[in-house]
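First comes the structure, then the notes that go with it.
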Amino acid sequence: MKLTILGNNSALPAFGRHPTSQIVSVYGDLLMIDCGEATQIQMQRYGFKWRKLQHIFISHLHGDHYFGLAGLINSMSLLGRTLPLHLYAPAALESMLQQVMDVADTVLCYPFHFHPLPDGAGLLVDNDAYSVSCFPVEHRITCHGFLVHQKTKGRKLLPEKCREYEIPRYYYEKLKQGEDYERKDGMVVKNEWVTTDGPAPKKYAYCADTIYTDSFLEYINAADTIYHESTYLHRDADKATARFHSTSIQAAEIAKKANAQQLLLGHFSSKYRDLEPFREEAATIFPNVQATIEGVTYEI
Ligand SMILES: [Zn+2]
Ligand SMILES: [Zn+2]
């Protein structure tokens, strides 16, 4: 599972940085979290294929998290998309989008499914490769964080060993499920001779926008990677609290309390040109931290 940052800034674009959007790649599917202005341009810039985008999740209805949505949805229709697209967002967004399409007499050429977010936590997507759920954070308006769980896809084949023991290809799926193979000559090929452990399941937690609070720790506990907003440096902690945002130090405190492996910072205020102080401050509390950079892909 990988994460690419398309936009790492807060309300205003500044210093070449764009409003919030990011893409989680999991087993070839693309999941978009938030869709700030310029998201479709950023997708093109970093070479993402539209048709691989399956699900879009919108955390809340501050414009820096969804002003790019109408353009993106429209462009995919102009480009002849046929695959369904699922949007998970606050309920009020459905009629807003519909109005944008109605006044332009737009009829999308692909199936578009709107799923209103629940009031609290809930499961949004669940398939054999991954699940996505939402949880409430504390912001000036209703806001959700998202959790992406990558599932294991069974054991990993050792192709050379499979050939050595003359195992037919049709049996490979069963090997991935952990089964042994009995050859025609009666020899039982043990599963562990021809496979190794598959990749460990991963958990990614997206926490934006939120005031510093322990209230959602139970949902993000033991996440491999946490993306936490850090709109402000800690000297501006008063401002952060007043505006229901967090500082670099506060984001690091949350990652530490959640026993995360890695912390990624984002949603930077446009008042800061240099992002290195965010990383330096947070690292005093939680060492494995990065101030995210647009276009960079992070392993989760
Ligand atoms: Zn925001
Ligand atoms: Zn906000």
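Residues in the structure tokens are named by chain (A, B, ... in the order shown) and by number from 1 within that chain; ligands are numbered from 1 in the order shown.
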
Would you list the residues that come within 12 Å of ligand 1? Count only C-alpha atoms and all ligand atoms and give the answer as an MDAnalysis selection string. chainID A and resid 7:13 18:21 34:37 58:67 139:141 143:144 207:211 228:231 243:246 266:270

Contacts of Glu281 (chain A) at 8 Å (only C-alpha atoms; same-chain gap of 3+ positions) as a ChimeraX atom specification: /A:233-234,248-249,277-278,284-285

For region 41-54 of chain A, work out the shell of residues within 12 Å, counting only C-alpha atoms and skipping chain neighbours fewer than 3 positions away, then give it as number ranges by chain. A: 4-8, 16-33, 35-38, 57, 68-69, 71-88, 110-113, 125, 294-297

Tell me, in Å to one decimal, how far CA of Pro90 (chain A) is from CA of Val137 (chain A).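 Between CA of Pro90 (chain A) and CA of Val137 (chain A) the gap works out to 13.6 Å.
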
Using only C-alpha atoms: which of A:Ala89, A:Glu179, A:Tyr130, A:Thr292 has the shortest distance to Gly145 (chain A):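 Answer, going by the shortest atom-to-atom distance: A:Ala89.
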
Quick one: distance from CA of Pro201 (chain A) to CA of His149 (chain A) in Å, one decimal?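 Separation between CA of Pro201 (chain A) and CA of His149 (chain A): 7.2 Å.
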
Which is closer to ligand 2 than all the others in A:Ala240, A:Ile293, A:Leu275, A:Leu3, using only C-alpha atoms and all ligand atoms?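 For ligand 2, the nearest of the candidates is A:Ala240.
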
Among region 74-269 of chain A, which residues does DSSP mark as alpha helix (DSSP H) when it is run on the backbone? Keep the chain and numbering as in the structure and answer as a ChimeraX atom specification. /A:74-78,92-103,159-164,172-176,191-194,217-220,237-242,248-257

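Note that the spacing between CA of Ala258 (chain A) and CA of Pro199 (chain A) amounts to 22.3 Å.
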
Would you list, as a PyMOL selection string, the residues of region 1-198 of chain A that end up in strand (DSSP E or B) under DSSP run on this structure's backbone? chain A and resi 2-7+9+14+17+19+21-26+29-35+53-57+85-89+112-116+122-126+130-137+143-150+156-157+181-182+188-189+195-196

For C-alpha atoms, I'd like the residues from the last selection saved as a short mmCIF file (atom, residue, chain, number, x, y, z; two decimals), in the first residue's frame.
data_model
loop_
_atom_site.label_atom_id
_atom_site.label_comp_id
_atom_site.auth_asym_id
_atom_site.auth_seq_id
_atom_site.Cartn_x
_atom_site.Cartn_y
_atom_site.Cartn_z
CA LYS A 2 1.37 3.41 -1.00
CA LEU A 3 0.33 7.00 -0.50
CA THR A 4 0.93 9.85 -2.95
CA ILE A 5 0.34 13.42 -1.87
CA LEU A 6 -1.39 15.60 -4.50
CA GLY A 7 -2.01 18.56 -2.21
CA ASN A 9 -1.67 22.77 1.95
CA ALA A 14 0.80 28.92 -1.55
CA ARG A 17 1.53 23.88 -2.72
CA PRO A 19 -5.17 22.27 -1.19
CA SER A 21 -5.84 15.66 -1.85
CA GLN A 22 -4.04 12.34 -1.75
CA ILE A 23 -4.16 8.93 -3.40
CA VAL A 24 -3.82 5.57 -1.70
CA SER A 25 -2.76 2.80 -4.11
CA VAL A 26 -3.71 -0.65 -2.92
CA ASP A 29 -6.85 0.28 -7.13
CA LEU A 30 -6.67 4.02 -6.54
CA LEU A 31 -8.53 5.52 -3.58
CA MET A 32 -8.68 9.30 -3.37
CA ILE A 33 -8.97 11.07 -0.05
CA ASP A 34 -10.20 14.64 -0.37
CA CYS A 35 -10.25 16.54 -3.62
CA LEU A 53 -9.78 5.57 -9.51
CA GLN A 54 -12.51 3.53 -7.80
CA HIS A 55 -13.51 5.44 -4.68
CA ILE A 56 -13.33 9.06 -3.50
CA PHE A 57 -13.68 9.98 0.17
CA LEU A 85 -17.23 5.70 -9.44
CA HIS A 86 -18.17 5.75 -5.76
CA LEU A 87 -18.16 8.97 -3.75
CA TYR A 88 -18.38 8.91 0.07
CA ALA A 89 -19.02 12.37 1.45
CA PHE A 112 -21.88 7.48 -10.34
CA HIS A 113 -22.83 6.38 -6.82
CA PHE A 114 -23.11 8.81 -3.92
CA HIS A 115 -22.81 7.37 -0.40
CA PRO A 116 -23.53 9.77 2.49
CA GLY A 122 -18.76 3.25 10.00
CA LEU A 123 -17.57 0.80 7.39
CA LEU A 124 -17.66 2.27 3.87
CA VAL A 125 -15.92 -0.25 1.61
CA ASP A 126 -15.13 -3.89 2.21
CA TYR A 130 -9.01 -3.81 1.43
CA SER A 131 -11.57 -2.08 3.60
CA VAL A 132 -12.14 1.61 4.25
CA SER A 133 -13.95 2.99 7.27
CA CYS A 134 -14.55 6.45 8.65
CA PHE A 135 -14.37 7.88 12.15
CA PRO A 136 -15.32 11.27 13.61
CA VAL A 137 -12.63 13.88 14.32
CA CYS A 143 -15.46 16.09 9.83
CA HIS A 144 -14.32 12.48 9.36
CA GLY A 145 -11.00 10.75 9.26
CA PHE A 146 -10.53 7.59 7.19
CA LEU A 147 -8.89 4.25 7.83
CA VAL A 148 -7.65 2.04 5.01
CA HIS A 149 -6.95 -1.60 5.90
CA GLN A 150 -5.02 -3.59 3.35
CA LYS A 156 3.58 -15.64 -1.79
CA LEU A 157 4.56 -18.20 -4.41
CA TYR A 181 0.06 -30.47 -3.17
CA GLU A 182 -0.01 -34.22 -3.70
CA VAL A 188 3.26 -34.55 -0.82
CA VAL A 189 4.79 -31.14 -1.51
CA THR A 195 5.68 -20.41 -0.70
CA THR A 196 6.69 -17.74 1.80
#

Find, counting only C-alpha atoms and all ligand atoms, the residue in A:Thr142, A:Met1, A:Arg169, A:Tyr232 that gets nearest to ligand 2.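 Distance minimum relative to ligand 2 lands on A:Thr142.
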
For region 252-254 of chain A, list every protein, DNA or RNA residue within 9 Å, evaluated using only C-alpha atoms, and leave out those in the same chain fewer than 6 positions away; present the list as a VMD selection string. chain A and resid 212 to 214 217 228 260 263 265 281 to 287 289
